[in-house]
Each structure stands twice: as structure tokens, then as C-alpha cells.
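What follows is the content of structure.txt, which has compact mmCIF, C-alpha atoms:
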# COMPACT_ATOMS: atom_id res chain seq x y z
CA MET A 1 -20.13 -62.12 9.73
CA GLY A 2 -23.42 -61.28 11.41
CA VAL A 3 -25.77 -58.41 10.86
CA SER A 4 -24.32 -54.91 11.28
CA LYS A 5 -25.55 -52.52 13.95
CA GLY A 6 -27.33 -50.31 11.41
CA ASP A 7 -29.00 -53.19 9.61
CA GLU A 8 -30.09 -54.65 12.92
CA VAL A 9 -32.12 -51.50 13.57
CA PHE A 10 -33.60 -51.71 10.07
CA VAL A 11 -34.54 -55.34 10.61
CA ASN A 12 -36.12 -54.69 14.01
CA GLU A 13 -38.11 -51.80 12.63
CA ILE A 14 -39.26 -53.82 9.61
CA LYS A 15 -40.28 -56.64 11.90
CA ALA A 16 -42.33 -54.11 13.83
CA GLY A 17 -44.05 -53.13 10.59
CA ASN A 18 -42.21 -49.85 9.94
CA ALA A 19 -42.78 -49.11 6.24
CA ALA A 20 -40.18 -46.34 6.22
CA ALA A 21 -37.51 -48.78 7.39
CA PHE A 22 -38.47 -51.27 4.69
CA GLU A 23 -38.33 -48.54 2.07
CA ALA A 24 -34.90 -47.43 3.27
CA MET A 25 -33.64 -51.00 3.17
CA VAL A 26 -34.87 -51.36 -0.43
CA LEU A 27 -33.29 -48.07 -1.45
CA LYS A 28 -30.00 -49.09 0.13
CA TYR A 29 -29.70 -52.61 -1.25
CA GLN A 30 -31.58 -52.43 -4.53
CA PRO A 31 -28.53 -51.32 -6.58
CA LYS A 32 -26.37 -54.09 -5.17
CA LEU A 33 -29.07 -56.72 -5.65
CA MET A 34 -29.82 -55.56 -9.20
CA SER A 35 -26.16 -55.71 -10.09
CA SER A 36 -25.82 -59.22 -8.65
CA LEU A 37 -28.98 -60.46 -10.36
CA ILE A 38 -28.00 -58.99 -13.72
CA GLY A 39 -24.71 -60.82 -13.33
CA TYR A 40 -26.55 -64.02 -12.52
CA THR A 41 -29.38 -63.89 -15.06
CA LYS A 42 -27.59 -61.91 -17.81
CA SER A 43 -30.95 -60.28 -18.39
CA ARG A 44 -31.84 -56.85 -17.13
CA ASP A 45 -35.58 -57.43 -17.46
CA GLN A 46 -35.43 -60.67 -15.57
CA ALA A 47 -33.20 -59.10 -12.92
CA GLU A 48 -35.71 -56.29 -12.39
CA GLU A 49 -38.53 -58.75 -12.00
CA LEU A 50 -36.52 -60.89 -9.59
CA CYS A 51 -35.38 -57.85 -7.66
CA GLN A 52 -38.95 -56.78 -7.00
CA LYS A 53 -39.94 -60.33 -6.17
CA THR A 54 -37.00 -60.63 -3.77
CA PHE A 55 -37.94 -57.56 -1.76
CA ILE A 56 -41.54 -58.74 -1.53
CA ARG A 57 -40.24 -62.04 -0.18
CA VAL A 58 -37.96 -60.18 2.23
CA TRP A 59 -40.95 -58.29 3.61
CA GLN A 60 -42.85 -61.54 4.03
CA LYS A 61 -40.00 -63.51 5.55
CA ILE A 62 -38.24 -60.88 7.65
CA ASP A 63 -39.35 -62.59 10.87
CA SER A 64 -37.26 -65.60 9.92
CA PHE A 65 -34.08 -63.51 9.62
CA ARG A 66 -32.03 -64.44 12.67
CA GLY A 67 -29.04 -62.19 12.08
CA ASP A 68 -26.56 -65.05 11.57
CA SER A 69 -25.38 -63.48 8.32
CA ALA A 70 -25.14 -59.96 6.96
CA LEU A 71 -28.54 -58.64 5.88
CA PHE A 72 -27.52 -58.33 2.25
CA THR A 73 -26.21 -61.92 2.21
CA TRP A 74 -29.63 -63.07 3.32
CA ILE A 75 -31.40 -60.88 0.75
CA PHE A 76 -29.03 -62.06 -1.97
CA ARG A 77 -29.68 -65.70 -1.08
CA ILE A 78 -33.41 -65.15 -1.46
CA GLY A 79 -32.81 -63.47 -4.82
CA ILE A 80 -30.64 -66.29 -6.10
CA ASN A 81 -33.10 -68.95 -4.94
CA LEU A 82 -35.88 -67.15 -6.76
CA ALA A 83 -33.69 -66.94 -9.85
CA LYS A 84 -33.01 -70.67 -9.67
CA ASN A 85 -36.71 -71.38 -9.35
CA ASP A 86 -37.35 -69.19 -12.37
CA PHE A 87 -34.78 -71.04 -14.40
CA ALA A 88 -36.38 -74.31 -13.39
CA SER A 89 -39.70 -73.15 -14.67
CA SER A 90 -39.87 -73.02 -18.44
CA PHE A 91 -42.46 -70.30 -18.58
CA SER A 92 -41.26 -68.21 -15.66
CA LYS A 93 -39.29 -65.77 -17.77
CA ARG A 94 -42.48 -64.33 -19.20
CA SER A 95 -44.54 -64.55 -16.06
CA LYS A 96 -45.48 -61.55 -14.00
CA ILE A 97 -45.08 -61.30 -10.29
CA THR A 98 -48.34 -62.48 -8.84
CA ASP A 99 -47.44 -64.46 -5.77
CA SER A 100 -48.74 -63.20 -2.48
CA LEU A 101 -48.97 -59.59 -3.52
CA ASP A 102 -52.18 -59.34 -1.54
CA GLN A 103 -50.19 -59.92 1.64
CA ASN A 104 -48.05 -56.85 1.06
CA GLU A 105 -48.96 -53.45 2.27
CA HIS A 106 -45.75 -51.92 0.97
CA ASP A 107 -44.69 -52.07 -2.63
CA VAL A 108 -41.13 -51.69 -3.75
CA PRO A 109 -40.59 -47.98 -4.52
CA GLU A 110 -41.63 -47.31 -8.09
CA TYR A 111 -39.88 -44.03 -8.77
CA LEU A 112 -36.80 -45.98 -9.74
CA SER A 113 -37.08 -46.37 -13.46
CA PRO A 114 -34.88 -48.99 -15.15
CA GLU A 115 -32.72 -46.20 -16.58
CA THR A 116 -31.83 -44.88 -13.15
CA GLU A 117 -31.31 -48.15 -11.35
CA LEU A 118 -27.67 -48.54 -12.17
CA ILE A 119 -25.03 -46.13 -13.26
CA ALA A 120 -24.31 -46.43 -16.96
CA MET A 121 -21.28 -48.55 -17.62
CA GLU A 122 -19.59 -45.89 -19.73
CA SER A 123 -19.83 -43.49 -16.79
CA GLU A 124 -18.32 -45.85 -14.25
CA ASP A 125 -14.74 -45.17 -15.28
CA LYS A 126 -15.34 -41.44 -15.02
CA ILE A 127 -16.61 -41.79 -11.47
CA MET A 128 -13.79 -44.08 -10.39
CA LYS A 129 -11.26 -41.65 -11.82
CA PHE A 130 -12.99 -38.80 -10.04
CA ILE A 131 -12.77 -40.68 -6.73
CA GLN A 132 -9.02 -40.92 -7.25
CA THR A 133 -8.86 -37.11 -7.34
CA LEU A 134 -10.43 -36.67 -3.88
CA ASP A 135 -8.07 -35.39 -1.22
CA ALA A 136 -6.26 -38.12 0.72
CA ASP A 137 -8.16 -37.64 4.03
CA THR A 138 -11.53 -37.83 2.36
CA LYS A 139 -10.61 -40.72 0.10
CA THR A 140 -9.02 -42.77 2.87
CA ALA A 141 -12.07 -42.49 5.16
CA PHE A 142 -14.43 -43.26 2.26
CA THR A 143 -12.35 -46.23 1.10
CA LEU A 144 -12.11 -47.71 4.58
CA ARG A 145 -15.89 -47.49 4.85
CA GLU A 146 -16.95 -48.63 1.39
CA ILE A 147 -14.27 -51.16 0.49
CA ASP A 148 -13.06 -52.38 3.86
CA GLY A 149 -16.48 -52.15 5.52
CA ARG A 150 -15.03 -50.50 8.64
CA THR A 151 -17.27 -48.86 11.22
CA TYR A 152 -16.84 -45.17 12.04
CA ASP A 153 -15.29 -46.15 15.39
CA GLU A 154 -12.70 -48.33 13.69
CA ILE A 155 -11.89 -45.67 11.10
CA ALA A 156 -11.48 -43.06 13.84
CA GLU A 157 -9.06 -45.38 15.61
CA ILE A 158 -7.10 -46.12 12.45
CA LEU A 159 -6.88 -42.48 11.36
CA LYS A 160 -6.49 -41.16 14.89
CA CYS A 161 -9.20 -38.57 14.52
CA PRO A 162 -12.57 -37.89 16.17
CA ILE A 163 -15.56 -39.91 15.00
CA GLY A 164 -17.30 -36.68 13.92
CA THR A 165 -14.43 -36.03 11.52
CA VAL A 166 -14.82 -39.51 10.06
CA ARG A 167 -18.52 -38.94 9.59
CA SER A 168 -18.01 -35.62 7.83
CA ARG A 169 -15.19 -36.96 5.62
CA ILE A 170 -17.30 -39.88 4.43
CA PHE A 171 -20.21 -37.56 3.79
CA ARG A 172 -17.94 -35.11 1.98
CA ALA A 173 -16.73 -37.88 -0.32
CA ARG A 174 -20.29 -38.88 -1.14
CA GLN A 175 -21.29 -35.27 -1.63
CA PHE A 176 -18.40 -34.62 -4.02
CA ILE A 177 -19.22 -37.77 -5.98
CA LEU A 178 -22.90 -36.84 -6.16
CA GLU A 179 -22.01 -33.34 -7.36
CA PHE A 180 -19.78 -34.87 -10.01
CA ILE A 181 -22.53 -37.26 -11.07
CA ASN A 182 -25.00 -34.39 -11.37
CA GLN A 183 -22.50 -32.22 -13.18
CA GLU A 184 -21.80 -34.96 -15.70
CA ASN A 185 -25.51 -35.74 -15.93
CA ILE A 186 -24.74 -39.39 -15.24
CA ILE A 187 -28.01 -40.15 -13.47
CA ASN A 188 -31.23 -38.42 -14.31
CA GLY A 189 -32.77 -39.29 -10.97
CA MET B 1 -29.17 -28.79 4.60
CA ASP B 2 -25.66 -30.21 4.60
CA LYS B 3 -26.16 -31.30 8.19
CA ASP B 4 -29.31 -33.18 7.15
CA LEU B 5 -27.45 -34.86 4.31
CA GLU B 6 -24.53 -35.70 6.59
CA LYS B 7 -27.01 -37.37 8.91
CA LEU B 8 -28.50 -39.21 5.93
CA SER B 9 -25.02 -40.45 5.02
CA ALA B 10 -24.52 -41.68 8.60
CA LEU B 11 -27.98 -43.27 8.46
CA TYR B 12 -26.94 -45.10 5.30
CA ASP B 13 -23.93 -46.46 7.19
CA GLY B 14 -26.06 -47.34 10.23
CA GLU B 15 -23.97 -45.02 12.39
CA LEU B 16 -26.71 -43.15 14.25
CA SER B 17 -28.37 -43.78 17.59
CA TYR B 18 -31.58 -45.79 17.57
CA LYS B 19 -33.62 -42.64 18.10
CA GLU B 20 -31.80 -40.76 15.34
CA ILE B 21 -32.31 -43.68 12.95
CA GLN B 22 -36.04 -43.66 13.62
CA GLU B 23 -36.18 -39.89 13.10
CA GLY B 24 -34.10 -40.18 9.95
CA LEU B 25 -36.33 -42.91 8.52
CA ASP B 26 -39.47 -40.88 9.19
CA LYS B 27 -37.94 -37.78 7.63
CA MET B 28 -36.80 -39.67 4.56
CA HIS B 29 -40.20 -41.33 4.17
CA GLU B 30 -41.74 -37.89 3.71
CA ASP B 31 -39.07 -36.43 1.46
CA GLN B 32 -38.58 -37.65 -2.10
CA GLY B 33 -35.29 -35.76 -2.45
CA LEU B 34 -33.79 -37.50 0.57
CA LYS B 35 -34.97 -40.85 -0.79
CA GLU B 36 -33.24 -40.22 -4.09
CA THR B 37 -30.02 -39.16 -2.38
CA PHE B 38 -30.13 -42.22 -0.13
CA HIS B 39 -30.59 -44.42 -3.18
CA LYS B 40 -27.67 -42.70 -4.91
CA PHE B 41 -25.49 -43.50 -1.89
CA GLY B 42 -26.43 -47.11 -2.66
CA LEU B 43 -25.50 -46.70 -6.32
CA ILE B 44 -22.12 -45.24 -5.42
CA SER B 45 -21.47 -47.99 -2.92
CA GLU B 46 -22.39 -50.69 -5.40
CA LEU B 47 -20.18 -49.16 -8.08
CA VAL B 48 -17.13 -48.75 -5.85
CA GLN B 49 -17.38 -52.25 -4.41
CA ARG B 50 -17.97 -53.89 -7.78
CA GLN B 51 -15.17 -52.00 -9.49
CA THR B 52 -12.77 -52.98 -6.72
CA LYS B 53 -13.74 -56.63 -7.17
CA GLN B 54 -13.38 -56.38 -10.93
CA ASN B 55 -9.93 -54.87 -10.65
CA THR B 56 -8.94 -57.67 -8.32
CA SER B 57 -10.18 -60.10 -10.97
CA LYS B 58 -8.11 -58.28 -13.56
CA LEU B 59 -5.04 -58.82 -11.39
CA LEU B 60 -5.75 -62.52 -11.19
CA PHE B 61 -6.34 -62.66 -14.94
CA PHE B 62 -2.98 -60.93 -15.44
CA LYS B 63 -1.39 -63.56 -13.21
CA ASP B 64 -2.72 -66.32 -15.49
CA TYR B 65 -1.17 -64.52 -18.43
CA LEU B 66 2.17 -64.25 -16.66
CA ILE B 67 2.25 -67.95 -15.85
CA LYS B 68 2.41 -68.62 -19.59
CA VAL B 69 5.00 -65.92 -20.25
CA ASN B 70 7.25 -66.08 -17.23
CA PRO B 71 6.71 -68.61 -14.44
CA VAL B 72 9.15 -66.89 -12.06
CA MET B 73 7.43 -63.58 -12.51
CA SER B 74 4.07 -65.17 -11.91
CA ASN B 75 5.16 -66.40 -8.49
CA LEU B 76 6.04 -62.87 -7.48
CA PHE B 77 2.78 -61.68 -8.90
CA THR B 78 0.79 -64.27 -7.00
CA ALA B 79 2.35 -63.05 -3.81
CA ALA B 80 1.84 -59.41 -4.61
CA ALA B 81 -1.73 -59.92 -5.77
CA THR B 82 -2.57 -61.71 -2.56
CA VAL B 83 -1.33 -58.77 -0.57
CA LEU B 84 -3.14 -56.27 -2.72
CA ILE B 85 -6.37 -58.13 -2.30
CA THR B 86 -6.10 -58.13 1.43
CA LEU B 87 -4.25 -54.95 2.26
CA ILE B 88 -6.06 -51.69 2.14
CA ILE B 89 -3.69 -49.22 3.71
CA LEU B 90 -0.06 -49.06 4.54
CA TYR B 91 0.80 -47.15 7.66
CA GLN B 92 3.98 -45.78 9.03
CA PHE B 93 5.03 -45.32 12.60
CA ASP B 94 6.64 -41.99 13.17
CA ASP B 95 8.15 -40.73 16.41
CA ASP B 96 5.65 -41.57 19.11
CA ARG B 97 2.44 -42.01 17.19
CA PHE B 98 0.95 -43.91 14.29
CA GLN B 99 0.19 -42.11 11.10
CA VAL B 100 -1.15 -43.10 7.78
CA ASP B 101 1.61 -42.97 5.24
CA ARG B 102 -0.19 -40.81 2.70
CA GLU B 103 1.95 -41.66 -0.26
CA SER B 104 1.77 -45.37 0.36
CA SER B 105 -1.92 -45.23 1.06
CA LEU B 106 -2.54 -43.54 -2.23
CA GLN B 107 -0.29 -45.96 -4.03
CA LEU B 108 -2.10 -48.97 -2.66
CA SER B 109 -5.62 -47.67 -3.14
CA SER B 110 -4.65 -46.67 -6.62
CA ALA B 111 -3.30 -50.13 -7.23
CA ILE B 112 -6.50 -51.66 -5.97
CA SER B 113 -8.89 -49.54 -7.96
CA SER B 114 -7.20 -48.49 -11.15
CA ASP B 115 -6.01 -49.96 -14.38
CA GLU B 116 -2.46 -49.09 -13.39
CA ALA B 117 -2.42 -52.04 -11.02
CA LYS B 118 0.12 -53.89 -13.10
CA ASN B 119 2.68 -51.10 -12.95
CA GLN B 120 2.03 -50.48 -9.28
CA LEU B 121 2.67 -54.13 -8.59
CA LEU B 122 5.87 -54.29 -10.56
CA ASP B 123 7.11 -51.14 -8.81
CA ALA B 124 6.24 -52.44 -5.36
CA ASP B 125 9.01 -53.54 -3.07
CA GLN B 126 8.95 -57.24 -3.76
CA ASN B 127 11.15 -58.12 -0.81
CA ILE B 128 8.69 -56.62 1.65
CA MET B 129 5.75 -58.19 -0.17
CA GLU B 130 7.37 -61.61 -0.13
CA HIS B 131 8.34 -61.29 3.49
CA MET B 132 4.80 -60.41 4.52
CA ILE B 133 3.31 -63.20 2.49
CA HIS B 134 5.70 -65.61 4.11
CA ILE B 135 4.61 -64.37 7.53
CA MET B 136 0.91 -64.46 6.68
CA GLN B 137 1.05 -67.91 5.18
CA SER B 138 3.14 -69.54 7.87
CA ASN B 139 2.02 -67.94 11.07
CA ALA B 140 1.69 -71.33 12.73
CA SER B 141 5.33 -71.52 13.55
CA HIS B 142 8.21 -69.10 13.26
CA SER B 143 11.04 -70.85 14.93
CA SER B 144 13.78 -68.91 13.20
CA GLN B 145 15.37 -67.18 16.17
CA GLN B 146 14.94 -66.57 19.84
CA ILE B 147 12.49 -63.81 20.72
CA SER B 148 13.40 -61.64 23.71
CA LYS B 149 10.95 -61.90 26.57
CA ASN B 150 11.21 -58.13 26.94
CA TRP B 151 9.35 -57.71 23.67
CA ILE B 152 6.20 -59.46 24.80
CA PRO B 153 3.40 -57.00 25.61
CA VAL B 154 2.12 -56.82 29.18
CA GLY B 155 -0.69 -59.29 29.71
CA PHE B 156 0.46 -61.67 26.95
CA SER B 157 1.92 -65.07 27.74
CA VAL B 158 3.41 -67.82 25.61
CA ASN B 159 1.24 -70.59 24.23
CA PRO B 160 2.59 -73.86 25.71
CA THR B 161 2.01 -75.73 22.44
CA ASN B 162 3.56 -73.07 20.21
CA PRO B 163 6.48 -71.12 21.67
CA ASN B 164 6.15 -68.44 19.00
CA GLN B 165 2.55 -67.64 19.77
CA TYR B 166 1.55 -65.26 22.54
CA SER B 167 -1.94 -64.55 23.77
CA ASN B 168 -3.75 -62.41 26.32
CA GLY B 169 -6.81 -64.63 26.13
CA ARG B 170 -8.44 -62.39 23.56
CA ASN B 171 -5.77 -61.53 20.99
CA ASN B 172 -3.05 -63.67 19.47
CA LEU B 173 0.38 -62.53 18.41
CA PHE B 174 3.24 -64.18 16.54
CA PHE B 175 6.82 -62.95 16.33
CA HIS B 176 9.38 -63.49 13.63
CA LEU B 177 12.97 -62.26 13.63
CA GLU B 178 14.80 -61.72 10.37
CA ASN B 179 18.49 -60.92 9.92
CA LYS B 180 17.83 -58.47 7.09
CA GLN B 181 15.84 -55.28 7.48
CA LEU B 182 14.65 -55.22 3.85
CA GLY B 183 15.42 -51.52 3.61
CA ILE B 184 12.90 -50.62 6.29
CA LYS B 185 14.04 -47.65 8.36
CA LYS B 186 10.88 -46.90 10.33
CA VAL B 187 8.15 -49.12 11.73
CA LYS B 188 5.59 -49.92 9.11
CA TYR B 189 2.35 -51.71 9.64
CA PHE B 190 -0.21 -53.27 7.39
CA LYS B 191 -3.78 -54.34 7.73
CA ALA B 192 -4.53 -57.74 6.27
CA ASN B 193 -8.11 -58.86 6.75
CA ASN B 194 -8.55 -59.05 10.52
CA ASN B 195 -4.85 -59.13 11.28
CA TRP B 196 -2.10 -56.58 11.48
CA ILE B 197 1.52 -56.97 10.47
CA TYR B 198 4.08 -54.75 12.17
CA LEU B 199 7.55 -54.54 10.66
CA ILE B 200 9.90 -53.25 13.34
CA PRO B 201 13.54 -52.52 12.38
CA LEU B 202 15.85 -53.08 15.37
CA GLN B 203 19.06 -51.24 16.19
CA ASP B 204 21.17 -54.37 15.69
CA GLY B 205 20.20 -54.53 12.01
CA LYS B 206 17.53 -57.21 12.42
CA LEU B 207 13.87 -56.95 11.53
CA LEU B 208 11.24 -57.98 14.03
CA THR B 209 7.85 -58.82 12.56
CA ALA B 210 4.84 -58.99 14.84
CA TYR B 211 1.72 -60.51 13.32
CA GLY B 212 -1.68 -60.98 14.86
CA ASP B 213 -5.08 -59.53 15.58
CA ILE B 214 -3.73 -56.77 17.76
CA PRO B 215 -4.74 -53.26 16.70
CA PRO B 216 -2.34 -50.29 16.69
CA SER B 217 -3.64 -49.12 20.07
CA VAL B 218 -2.21 -52.33 21.62
CA ALA B 219 0.85 -52.51 19.38
CA ASN B 220 1.91 -48.91 19.93
CA PRO B 221 3.02 -49.31 23.59
CA MET B 222 4.55 -52.69 22.72
CA ILE B 223 6.73 -51.13 20.02
CA GLN B 224 7.67 -48.22 22.30
CA SER B 225 8.70 -50.73 24.92
CA ILE B 226 10.75 -52.76 22.43
CA TYR B 227 12.70 -49.65 21.45
CA GLN B 228 13.27 -48.66 25.06
CA ARG B 229 14.56 -52.09 26.04
CA ASN B 230 16.43 -53.03 22.89
What does the file become when written as C-alpha cells?
Amino acid sequence: MGVSKGDEVFVNEIKAGNAAAFEAMVLKYQPKLMSSLIGYTKSRDQAEELCQKTFIRVWQKIDSFRGDSALFTWIFRIGINLAKNDFASSFSKRSKITDSLDQNEHDVPEYLSPETELIAMESEDKIMKFIQTLDADTKTAFTLREIDGRTYDEIAEILKCPIGTVRSRIFRARQFILEFINQENIING
Amino acid sequence: MDKDLEKLSALYDGELSYKEIQEGLDKMHEDQGLKETFHKFGLISELVQRQTKQNTSKLLFFKDYLIKVNPVMSNLFTAAATVLITLIILYQFDDDRFQVDRESSLQLSSAISSDEAKNQLLDADQNIMEHMIHIMQSNASHSSQQISKNWIPVGFSVNPTNPNQYSNGRNNLFFHLENKQLGIKKVKYFKANNNWIYLIPLQDGKLLTAYGDIPPSVANPMIQSIYQRN
């Protein structure tokens, strides 16, 4: 699978030096990368360090991204390679990120404290159960997007409804979930 | 405000025009609240995708358990689990248009993403599951019975090396004819990865299964035509 239409725009903008696009890409993929790296390293601290290091490397190497794979696959590969390098180095676990920082004009957003980076495990069940209570139209559109990775066009074709309806259903699902998260005080972001 | 957030949600999915994406990125860059919401979209996405994967793993773990307890049961489970991993929604064809079968859709998504997966699986119609798995796993050749030429969609022609495969140069389609209808009264169709499976009960009591990468928009007129000519 190649790069998606949306990510292609992100990549082109980042290649052109658009800091806002880079920031958006970090905000979008940081949770997924953190989760994968925690799974790989079994250490939250190490995952955080690697996550930051990965996005710095992404910024540096974005010109070499050819779009043969999905953007996250490419980011993930960088993260895993960095993790492997860290494992290979006996002192790397305690080391700070120092490589090539001077070449970066854009730091990884710092407002994300470790506490807010991932949803607490004990809250995950609550959220998944809440998603099950969404009305069928909303849940179906959201599921097709998030789990099946369908585009809005494809979802509109499957559900036989206008693309604007798909867009508002997916948004509505996210909005309901966010309201639930705020209500339950799950994230203090 | 909601309109802005709806646009942000579409931006997250990469479903805006190039110009709108650029505008959205600039707006978000200046607005901490929008950044946090965008990041939370990422958190939700990560959670939903990971939980779905974990539940799939739980199904496979349950299969390992069943192998020890009941080998026959585990075979059924293997088949059902395979379908649950790949199928997202079950649809039903009603009158002259395709509709999502709400009840079935809920049942399957519930099975995918809840701890009740085991019960959902055991309650599922095993005959249909097994039939579909058979079709999906052996699409190379279904030489069971003669397929009527009237059923082939316009623009499709037979593959000379495989008489059960039809192609229009872009999409491929296989047919399979079964003597039993497996209790299916209306056309049902399933999405399995990039392929679709259409179960079409015929008036003579047989079940025609069409399997391939043809979307409902192509299959719909084909099924209408089959009913008109059958």
C-alpha cells in the first residue's frame, strides 16, 4: 500500500519546509508510534526518547520518502531501526538525544506531557464500550474509516449516502468520543 | 465552531482539497486548542485500531485453547476467526438496492471489538461461514457445476485458462454454484479485504456465489440481470 492522498499532501508540504505540516504529522502519528515503541521496548521512558528521535529523523530524511509505503510504515521503520541501534549500544538507554539537533528548526511539540500521550489503560475499556453505544450510522462510518481504512468516497459508496454525510458522521463519532473522554476526565490535555 | 472541528476531522483523514489542507494546517498551527483536538483524534484512532488487533489476538488465543479441548470445534473456530478478521460489515440486498444490514453489522462489529467475541462466534451461522471460507480459500477453481452464460456481467469474458474466472480486464470474478441455499433468502454480500462475496439464492433452490474484486456498484446490475433471466 502506498502513501494516502492526505499523507501525500503532508509529505509534500514538509518537503517544502512547512513547519505546520510537520507539526500536524507529529500530532497525528505520535500516539501510534508511542504505542508501537512501548510495545517494542517495554519501556515508556525509552519509547518517549525514541519517539522524539524518530520524528527528528523523519524531518531530516523526509526527502528520501518515495511514497512506496504508507507514511506511518516508513516512520515506524525509522523508529524500530533507532530502537535496534539503541539496544546494540550498551549505554544508549541513558543517553540523551544529541544527534543533529542543530539541523532542526522544528522541535517535536512539547505540550504533550507523558501523562497525556496515551489514554490510560483502565480507561480504554470504557471508551470502547462507549463506542459500542453510538448509533449504527455513526458507528458504521467511523468503523469503516478507522478500522477498515476506507476513504470517504468508498464509505459513501458502501453506505449509499453523500460524501458530506460520511464526513459529518465520522466527525460526530469523534466528537461524541471526545465529549465522553472529557466527561470522564480520561485525558487532562 | 462545529464546522471548524468537522473540517479538522476531515483534515485528520486527509479528505480535504489541497487548498483546504494548507488553510487547515495554518489555522491549526496558530491554535493550541485545535492542536490538542487533532492530537486526540490520533489517540482515539490508535486506541480503536490497537483494541481491534488485540481482540483479534484474543480470538486466535481462544482457538489455541479449543484445539486442546475440542479439535473439531477448533476447525470451525479457525474458519470463523478468519472471517471475523477479514470481514467488517455484512450487507443485505433488498428489493432493488443495497443496504447495510444493521443488525448484522452491529453483530459483526461487536464481535470484532468486544469481549463477547466467543459467544458471537458460536452463535454465528457456521454453514455460511464455512461456505465463504471455502470460496475464499479455493477461488482458483470452482468446477462444481455449469455456470449460465446469462449470469456473466456485460463486459466480462471467460479466462481461457480457468473457465470459472471472468474478467473485464480490470476486475476478476469467480462463480460457484451450490445445491443448498444455506438458509439464505435474500442476497447477502460480504467485504473480505479487497474482495467481495455475493451470496445469491436462486429460484430453483440453488445458491450462486460470486466472488471477486467487483464492488456493489458493478454487482448490483449483475444480480438484477441474474434474477430477470433466471
Which residues are close to A:Leu178, i.e. within 10 Å by all atoms listed in the file, leaving aside same-chain residues fewer than 6 positions away? Reply as a list in words.
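Result of the neighbour search: Ile127, Arg172, Glu184, Ile186 and Ile187 of chain A; Thr37, Lys40, Phe41 and Ile44 of chain B.
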Preceding selection exported with C-alpha atoms as a PDB file, in the frame of the given file:
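Once everything was written out, this is out-v7.pdb:
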ATOM      1  CA  ILE A 127     -16.610 -41.790 -11.470  1.00  0.00           C
ATOM      2  CA  ARG A 172     -17.940 -35.110   1.980  1.00  0.00           C
ATOM      3  CA  GLU A 184     -21.800 -34.960 -15.700  1.00  0.00           C
ATOM      4  CA  ILE A 186     -24.740 -39.390 -15.240  1.00  0.00           C
ATOM      5  CA  ILE A 187     -28.010 -40.150 -13.470  1.00  0.00           C
TER       6      ILE A 187
ATOM      7  CA  THR B  37     -30.020 -39.160  -2.380  1.00  0.00           C
ATOM      8  CA  LYS B  40     -27.670 -42.700  -4.910  1.00  0.00           C
ATOM      9  CA  PHE B  41     -25.490 -43.500  -1.890  1.00  0.00           C
ATOM     10  CA  ILE B  44     -22.120 -45.240  -5.420  1.00  0.00           C
TER      11      ILE B  44
END
Interatomic distance between atom CA of A:Phe72 and atom CA of A:Val3?
8.8 Å
Could I get the residues of chain A with an atom no further than 6 Å from an atom of chain B, each paired with its nearest atom pair and that distance in Å to one decimal, using only C-alpha atoms, sorted by chain and residue number, as a tab-separated table?
residue	atom	partner	partner_atom	distance
A:Gly6	CA	B:Gly14	CA	3.4
A:Ala20	CA	B:His29	CA	5.4
A:Leu27	CA	B:His39	CA	4.9
A:Lys28	CA	B:Gly42	CA	4.9
A:Pro31	CA	B:Leu43	CA	5.5
A:Lys32	CA	B:Glu46	CA	5.2
A:Ile147	CA	B:Gln49	CA	5.9
A:Phe171	CA	B:Glu6	CA	5.5
Quick one: write out the picked residues with C-alpha atoms as a PDB file, in the coordinates of the input?
ATOM      1  CA  GLY A   6     -27.330 -50.310  11.410  1.00  0.00           C
ATOM      2  CA  ALA A  20     -40.180 -46.340   6.220  1.00  0.00           C
ATOM      3  CA  LEU A  27     -33.290 -48.070  -1.450  1.00  0.00           C
ATOM      4  CA  LYS A  28     -30.000 -49.090   0.130  1.00  0.00           C
ATOM      5  CA  PRO A  31     -28.530 -51.320  -6.580  1.00  0.00           C
ATOM      6  CA  LYS A  32     -26.370 -54.090  -5.170  1.00  0.00           C
ATOM      7  CA  ILE A 147     -14.270 -51.160   0.490  1.00  0.00           C
ATOM      8  CA  PHE A 171     -20.210 -37.560   3.790  1.00  0.00           C
TER       9      PHE A 171
END
If you measure from atom CA of A:Ile155 to atom CA of B:Leu173, what distance in Å do you get, rounded to one decimal?
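Straight-line distance from atom CA of A:Ile155 to atom CA of B:Leu173 works out to 22.1 Å.
Here atom CA of B:Gln224 stands at a distance of 29.2 Å from atom CA of A:Thr143.
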Pick from A:Leu82, A:Leu159, A:Leu71, A:Leu144, whichever lies nearest to A:Val26 using only C-alpha atoms
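Ranked by minimum distance to A:Val26, first place goes to A:Leu71.
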Extract, using all atoms listed in the file, all DNA, RNA and protein residues at most 7 Å from A:Val166, discarding same-chain residues fewer than 2 positions from it, and format them as a list of chain:residue names.
A:Ala141, A:Tyr152, A:Ile155, A:Ala156, A:Pro162, A:Ile163, A:Gly164, A:Ser168, A:Arg169, A:Ile170
Let me make sure I understand: among A:Glu124, A:Glu13, A:Glu23, A:Glu48, which one has the smallest atom-to-atom distance to A:Ser35 if we use all atoms listed in the file?
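Counting all atoms listed in the file, the residue closest to A:Ser35 is A:Glu48.
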Hey, what's within 10 Å of A:Leu37 if we count only C-alpha atoms and toss same-chain stuff fewer than 3 positions away? As a list in words, please?
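Those residues are Pro31, Lys32, Leu33, Met34, Tyr40, Thr41, Lys42, Ser43, Arg44, Gln46, Ala47, Glu48, Glu49, Leu50, Cys51, Phe76, Gly79, Ile80 and Ala83 of chain A.
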Using only C-alpha atoms, which residue out of B:Ile200, B:Ile226, B:Leu207, B:Ala219 lies closest to B:Lys186?
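Using only C-alpha atoms, the shortest distance to B:Lys186 belongs to B:Ile200.
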Go ahead and fit an axis-aligned box to every listed atom of stretch 26-40 of chain B plus 3 Å each side, and pass me the centre and edge lengths in Å, one decimal, as lines of an AutoDock Vina configuration file.
center_x = -34.7
center_y = -40.1
center_z = 2.1
size_x = 20.1
size_y = 14.7
size_z = 20.1
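Using all atoms listed in the file, the shortest contact distance between A:Gly2 and any of A:Ile158, A:Ile14, A:Ile38, A:Ala70 is found at A:Ala70.
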